[in-house]
>>> print(open('my_file-v1.csv').read())   # CSV, C-alpha atoms
chain,number,residue,atom,x,y,z
A,1,MET,CA,245.9,143.6,217.0
A,2,SER,CA,244.6,147.1,217.3
A,3,LYS,CA,245.2,150.1,215.1
A,4,ASN,CA,248.6,151.4,216.2
A,5,ASN,CA,252.0,152.6,214.9
A,6,SER,CA,253.2,149.0,214.4
A,7,LEU,CA,251.9,149.3,210.8
A,8,ARG,CA,252.7,152.0,208.4
A,9,ARG,CA,249.5,153.9,207.6
A,10,ARG,CA,248.7,154.4,203.9
A,11,ARG,CA,248.0,157.8,202.7
A,12,PRO,CA,244.3,157.7,201.8
A,13,PHE,CA,242.4,160.2,199.6
A,14,ARG,CA,240.1,160.7,202.6
A,15,ASP,CA,240.2,159.7,206.2
A,16,PRO,CA,239.4,155.9,206.6
A,17,LEU,CA,236.1,154.9,208.2
A,18,PRO,CA,236.1,153.1,211.5
A,19,ARG,CA,235.5,149.4,210.9
A,20,ILE,CA,233.1,147.3,213.0
A,21,LEU,CA,232.4,143.6,212.4
A,22,ILE,CA,229.2,142.0,213.6
A,23,VAL,CA,228.8,138.3,213.5
A,24,CYS,CA,225.1,137.3,214.2
A,25,GLU,CA,223.1,134.1,214.1
A,26,GLY,CA,220.1,135.5,212.2
A,27,THR,CA,220.1,135.7,208.4
A,28,ARG,CA,217.3,138.3,208.0
A,29,THR,CA,216.1,140.2,211.1
A,30,GLU,CA,219.5,140.9,212.8
A,31,PRO,CA,221.4,141.8,209.6
A,32,GLY,CA,218.5,143.9,208.3
A,33,TYR,CA,218.2,145.7,211.6
A,34,PHE,CA,221.9,146.7,211.9
A,35,LYS,CA,222.1,147.8,208.2
A,36,GLU,CA,219.0,149.9,208.6
A,37,PHE,CA,220.3,151.3,211.9
A,38,ARG,CA,223.5,152.6,210.3
A,39,HIS,CA,221.5,154.1,207.4
A,40,LYS,CA,218.8,155.8,209.5
A,41,GLU,CA,221.4,157.2,211.9
A,42,ARG,CA,223.6,158.3,209.0
A,43,ILE,CA,226.6,156.9,210.8
A,44,PRO,CA,229.9,157.0,208.8
A,45,ILE,CA,231.3,153.6,209.7
A,46,ASP,CA,232.3,150.5,207.7
A,47,LEU,CA,229.9,148.0,209.1
A,48,GLU,CA,230.4,144.4,208.0
A,49,ILE,CA,227.9,141.7,209.0
A,50,SER,CA,228.4,137.9,208.8
A,51,PRO,CA,225.2,136.0,209.6
A,52,GLY,CA,224.6,132.3,210.5
A,53,GLY,CA,225.4,129.8,213.1
A,54,VAL,CA,225.1,128.9,216.8
A,55,PRO,CA,227.0,130.8,219.5
A,56,VAL,CA,230.2,128.8,219.4
A,57,THR,CA,230.4,128.8,215.7
A,58,LEU,CA,229.7,132.5,215.6
A,59,VAL,CA,232.7,133.2,217.9
A,60,HIS,CA,234.9,130.9,215.8
A,61,ARG,CA,233.8,132.8,212.7
A,62,ALA,CA,234.5,136.2,214.4
A,63,VAL,CA,238.0,135.0,215.4
A,64,GLU,CA,238.7,133.8,211.9
A,65,LEU,CA,237.5,137.0,210.2
A,66,ASN,CA,239.4,139.2,212.7
A,67,ARG,CA,242.7,137.2,212.2
A,68,THR,CA,242.2,137.4,208.5
A,69,ALA,CA,241.9,141.2,208.8
A,70,GLN,CA,245.1,141.3,211.0
A,71,LYS,CA,247.0,139.2,208.5
A,72,GLU,CA,245.9,141.4,205.6
A,73,ALA,CA,246.9,144.5,207.5
A,74,ARG,CA,250.4,143.1,208.2
A,75,THR,CA,250.8,141.9,204.6
A,76,ARG,CA,249.8,145.3,203.1
A,77,ARG,CA,251.2,147.3,206.0
A,78,ASP,CA,247.9,149.1,206.4
A,79,GLU,CA,246.4,149.5,209.8
A,80,ASN,CA,243.1,150.8,208.3
A,81,LEU,CA,242.3,147.2,207.4
A,82,LEU,CA,242.0,146.2,211.1
A,83,TYR,CA,238.7,146.1,212.8
A,84,ASP,CA,238.1,148.7,215.6
A,85,GLN,CA,235.6,146.4,217.2
A,86,VAL,CA,234.4,142.9,216.7
A,87,TRP,CA,231.0,141.8,218.1
A,88,CYS,CA,229.0,138.5,218.3
A,89,VAL,CA,225.3,138.8,218.5
A,90,PHE,CA,223.3,135.7,219.6
A,91,ASP,CA,220.4,134.4,221.7
A,92,ILE,CA,220.7,132.4,224.9
A,93,ASP,CA,217.4,130.5,224.5
A,94,GLU,CA,217.5,127.1,222.8
A,95,HIS,CA,221.3,127.3,222.2
A,96,PRO,CA,223.9,124.9,223.6
A,97,GLY,CA,227.4,126.0,224.5
A,98,VAL,CA,226.6,129.6,225.4
A,99,PRO,CA,229.1,129.8,228.4
A,100,GLU,CA,231.8,128.3,226.2
A,101,ALA,CA,231.1,130.8,223.5
A,102,GLN,CA,231.3,133.7,226.0
A,103,GLU,CA,234.6,132.4,227.3
A,104,GLN,CA,236.1,132.0,223.9
A,105,ALA,CA,235.0,135.5,223.0
A,106,ARG,CA,236.6,137.0,226.1
A,107,ALA,CA,239.8,135.1,225.4
A,108,ASN,CA,240.0,136.6,221.9
A,109,GLY,CA,239.0,140.2,222.7
A,110,ILE,CA,235.6,139.9,221.1
A,111,ASP,CA,232.6,141.7,222.5
A,112,VAL,CA,229.3,139.9,222.9
A,113,ALA,CA,225.7,141.2,222.8
A,114,ILE,CA,223.3,138.5,224.0
A,115,SER,CA,219.6,138.4,224.3
A,116,ASN,CA,217.4,136.2,226.4
A,117,PRO,CA,215.2,134.7,225.0
A,118,CYS,CA,215.9,136.3,221.6
A,119,PHE,CA,216.9,139.4,219.6
A,120,GLU,CA,213.3,140.4,219.2
A,121,LEU,CA,213.2,141.3,222.9
A,122,TRP,CA,215.3,144.4,222.0
A,123,MET,CA,212.7,145.3,219.3
A,124,LEU,CA,209.9,144.9,221.8
A,125,LEU,CA,211.6,147.2,224.2
A,126,HIS,CA,211.0,150.0,221.7
A,127,PHE,CA,207.3,149.8,222.7
A,128,ARG,CA,207.1,148.7,226.3
A,129,ASP,CA,208.9,147.5,229.4
A,130,GLN,CA,209.4,143.8,230.0
A,131,ARG,CA,210.4,142.5,233.5
A,132,ALA,CA,208.5,139.2,233.7
A,133,HIS,CA,209.9,136.0,232.1
A,134,ILE,CA,208.8,135.8,228.5
A,135,ASP,CA,208.9,132.9,226.0
A,136,ARG,CA,210.4,133.3,222.5
A,137,ALA,CA,207.0,132.6,220.8
A,138,VAL,CA,205.4,135.3,222.9
A,139,VAL,CA,208.1,137.8,222.1
A,140,HIS,CA,207.6,137.1,218.4
A,141,ARG,CA,203.8,137.5,218.7
A,142,GLU,CA,204.1,140.8,220.6
A,143,CYS,CA,206.6,142.2,218.1
A,144,ALA,CA,204.3,141.2,215.2
A,145,LYS,CA,201.5,143.3,216.9
A,146,HIS,CA,203.7,146.4,216.7
A,147,LEU,CA,205.7,145.5,213.6
A,148,PRO,CA,203.6,143.5,211.2
A,149,GLY,CA,205.8,141.6,208.7
A,150,TYR,CA,209.0,142.3,210.6
A,151,GLU,CA,210.3,138.7,210.0
A,152,LYS,CA,210.7,139.6,206.3
A,153,ASP,CA,211.7,143.2,206.5
A,154,VAL,CA,212.2,145.3,209.7
A,155,PRO,CA,209.9,148.3,209.4
A,156,PHE,CA,212.3,150.9,210.7
A,157,ALA,CA,209.9,153.8,210.1
A,158,LYS,CA,207.8,152.4,213.0
A,159,LEU,CA,210.6,151.0,215.1
A,160,HIS,CA,213.5,153.5,215.2
A,161,PRO,CA,211.6,156.6,216.5
A,162,ASN,CA,211.5,154.9,219.9
A,163,TYR,CA,215.2,154.1,220.0
A,164,VAL,CA,216.0,156.3,222.9
A,165,GLU,CA,213.2,154.8,225.0
A,166,ALA,CA,214.5,151.3,224.0
A,167,VAL,CA,218.0,152.1,225.3
A,168,ARG,CA,216.5,153.4,228.5
A,169,ARG,CA,214.4,150.4,229.0
A,170,ALA,CA,217.2,148.0,228.2
A,171,SER,CA,219.6,149.8,230.5
A,172,GLU,CA,217.1,149.7,233.4
A,173,LEU,CA,216.3,146.0,232.7
A,174,GLU,CA,220.1,145.3,232.8
A,175,ALA,CA,220.5,147.1,236.1
A,176,TRP,CA,217.4,145.4,237.6
A,177,GLN,CA,218.6,141.9,236.7
A,178,GLN,CA,222.1,142.7,238.0
A,179,SER,CA,220.7,143.9,241.3
A,180,ARG,CA,219.0,140.6,241.7
A,181,GLY,CA,222.1,138.6,240.8
A,182,CYS,CA,220.4,137.4,237.6
A,183,GLU,CA,222.6,138.9,234.9
A,184,GLY,CA,221.8,137.3,231.6
A,185,SER,CA,218.5,135.8,232.9
A,186,ASN,CA,215.2,136.0,230.9
A,187,PRO,CA,214.4,138.8,230.1
A,188,TRP,CA,217.7,140.3,229.1
A,189,THR,CA,219.3,142.0,226.1
A,190,ALA,CA,222.6,143.8,225.6
A,191,ILE,CA,221.9,145.0,222.0
A,192,HIS,CA,221.8,148.6,223.2
A,193,LYS,CA,225.5,148.4,224.1
A,194,LEU,CA,226.4,147.5,220.6
A,195,THR,CA,224.1,150.1,219.0
A,196,GLU,CA,225.4,152.8,221.3
A,197,ASN,CA,229.0,151.8,220.4
A,198,ILE,CA,228.2,152.1,216.8
A,199,ARG,CA,226.7,155.6,217.4
A,200,SER,CA,229.7,156.6,219.4
A,201,PHE,CA,232.1,155.6,216.7
A,202,GLY,CA,230.0,157.3,214.1
A,203,ARG,CA,229.5,160.5,216.0
A,204,SER,CA,233.3,160.8,216.4
A,205,ARG,CA,233.4,161.2,212.7
A,206,LEU,CA,231.0,164.0,212.4
>>> encode(input="my_file-v1.csv", output="structure tokens")
Amino acid sequence: MSKNNSLRRRRPFRDPLPRILIVCEGTRTEPGYFKEFRHKERIPIDLEISPGGVPVTLVHRAVELNRTAQKEARTRRDENLLYDQVWCVFDIDEHPGVPEAQEQARANGIDVAISNPCFELWMLLHFRDQRAHIDRAVVHRECAKHLPGYEKDVPFAKLHPNYVEAVRRASELEAWQQSRGCEGSNPWTAIHKLTENIRSFGRSRL
């Protein structure tokens, strides 16, 4: 269910914030990144993050949370309780059932931002290009060179100033892999699509 006239809109004291749900596998790095991203960008959105699980269970969780929001919206006749977008964020490397998770997400109108081999590739793209195949351990090691201690607390002061370059590198990597018929292959990340969607929703409020 999307926000439409099928529900009577309550009269808020102020305009409601757009709602975006992110369900991600990580319990520290990914949630910490998205929370800091919203804060640093000063984006006025209601960002809810639910961490934990492998791809299939993440999609199941996203579907469950989205349906709960829909039920609550119907019960209270308040379309502001609906999510504007629902995203699952997970890695391809070392996980079973990725194609199944992607299919279930599509069937339920859920967007997916995957990384191969891991989320940290997106962080690494803030500092350099990456076209050659790269193992998860190498990505972690390279990130640690630029962002010491990132596993415990993402140092946004060092990371985020390079955001525009990271989007450019990720977009060019995506186009390059697609031109080779290797969409989703290592290296790959679609995190920039999610962050740019967040920015788009937020900028529409300014």
>>> residues_near_point(input="my_file-v1.csv", point="(214.4, 137.3, 219.5)", cutoff="8 Å", atoms="only C-alpha atoms", output="ChimeraX atom specification")
/A:91,115-122,136,139-140
>>> residues_around(input="my_file-v1.csv", residues="range 191-193 of chain A", least_positions_apart="6", cutoff="8 Å", atoms="all atoms listed in the file", output="compact mmCIF listing (two decimals) with C-alpha atoms, keeping the file's coordinate frame")
# COMPACT_ATOMS: atom_id res chain seq x y z
CA VAL A 89 225.30 138.80 218.50
CA ALA A 113 225.70 141.20 222.80
CA ILE A 114 223.30 138.50 224.00
CA SER A 115 219.60 138.40 224.30
CA PHE A 119 216.90 139.40 219.60
CA TRP A 122 215.30 144.40 222.00
CA ALA A 166 214.50 151.30 224.00
CA VAL A 167 218.00 152.10 225.30
CA ALA A 170 217.20 148.00 228.20
CA SER A 171 219.60 149.80 230.50
>>> residues_around(input="my_file-v1.csv", residues="Leu124 in chain A", least_positions_apart="6", cutoff="10 Å", atoms="only C-alpha atoms", output="PDB file with C-alpha atoms, in the frame of the given file")
ATOM      1  CA  GLN A 130     209.400 143.800 230.000  1.00  0.00           C
ATOM      2  CA  VAL A 139     208.100 137.800 222.100  1.00  0.00           C
ATOM      3  CA  HIS A 140     207.600 137.100 218.400  1.00  0.00           C
ATOM      4  CA  GLU A 142     204.100 140.800 220.600  1.00  0.00           C
ATOM      5  CA  CYS A 143     206.600 142.200 218.100  1.00  0.00           C
ATOM      6  CA  ALA A 144     204.300 141.200 215.200  1.00  0.00           C
ATOM      7  CA  LYS A 145     201.500 143.300 216.900  1.00  0.00           C
ATOM      8  CA  HIS A 146     203.700 146.400 216.700  1.00  0.00           C
ATOM      9  CA  LEU A 147     205.700 145.500 213.600  1.00  0.00           C
ATOM     10  CA  LEU A 159     210.600 151.000 215.100  1.00  0.00           C
ATOM     11  CA  ALA A 166     214.500 151.300 224.000  1.00  0.00           C
TER      12      ALA A 166
END
>>> atom_distance(input="my_file-v1.csv", atom1="CA of Ala132 in chain A", atom2="CA of Pro155 in chain A")
26.0 Å
>>> atom_distance(input="my_file-v1.csv", atom1="CA of Glu64 in chain A", atom2="CA of Asn108 in chain A")
10.5 Å
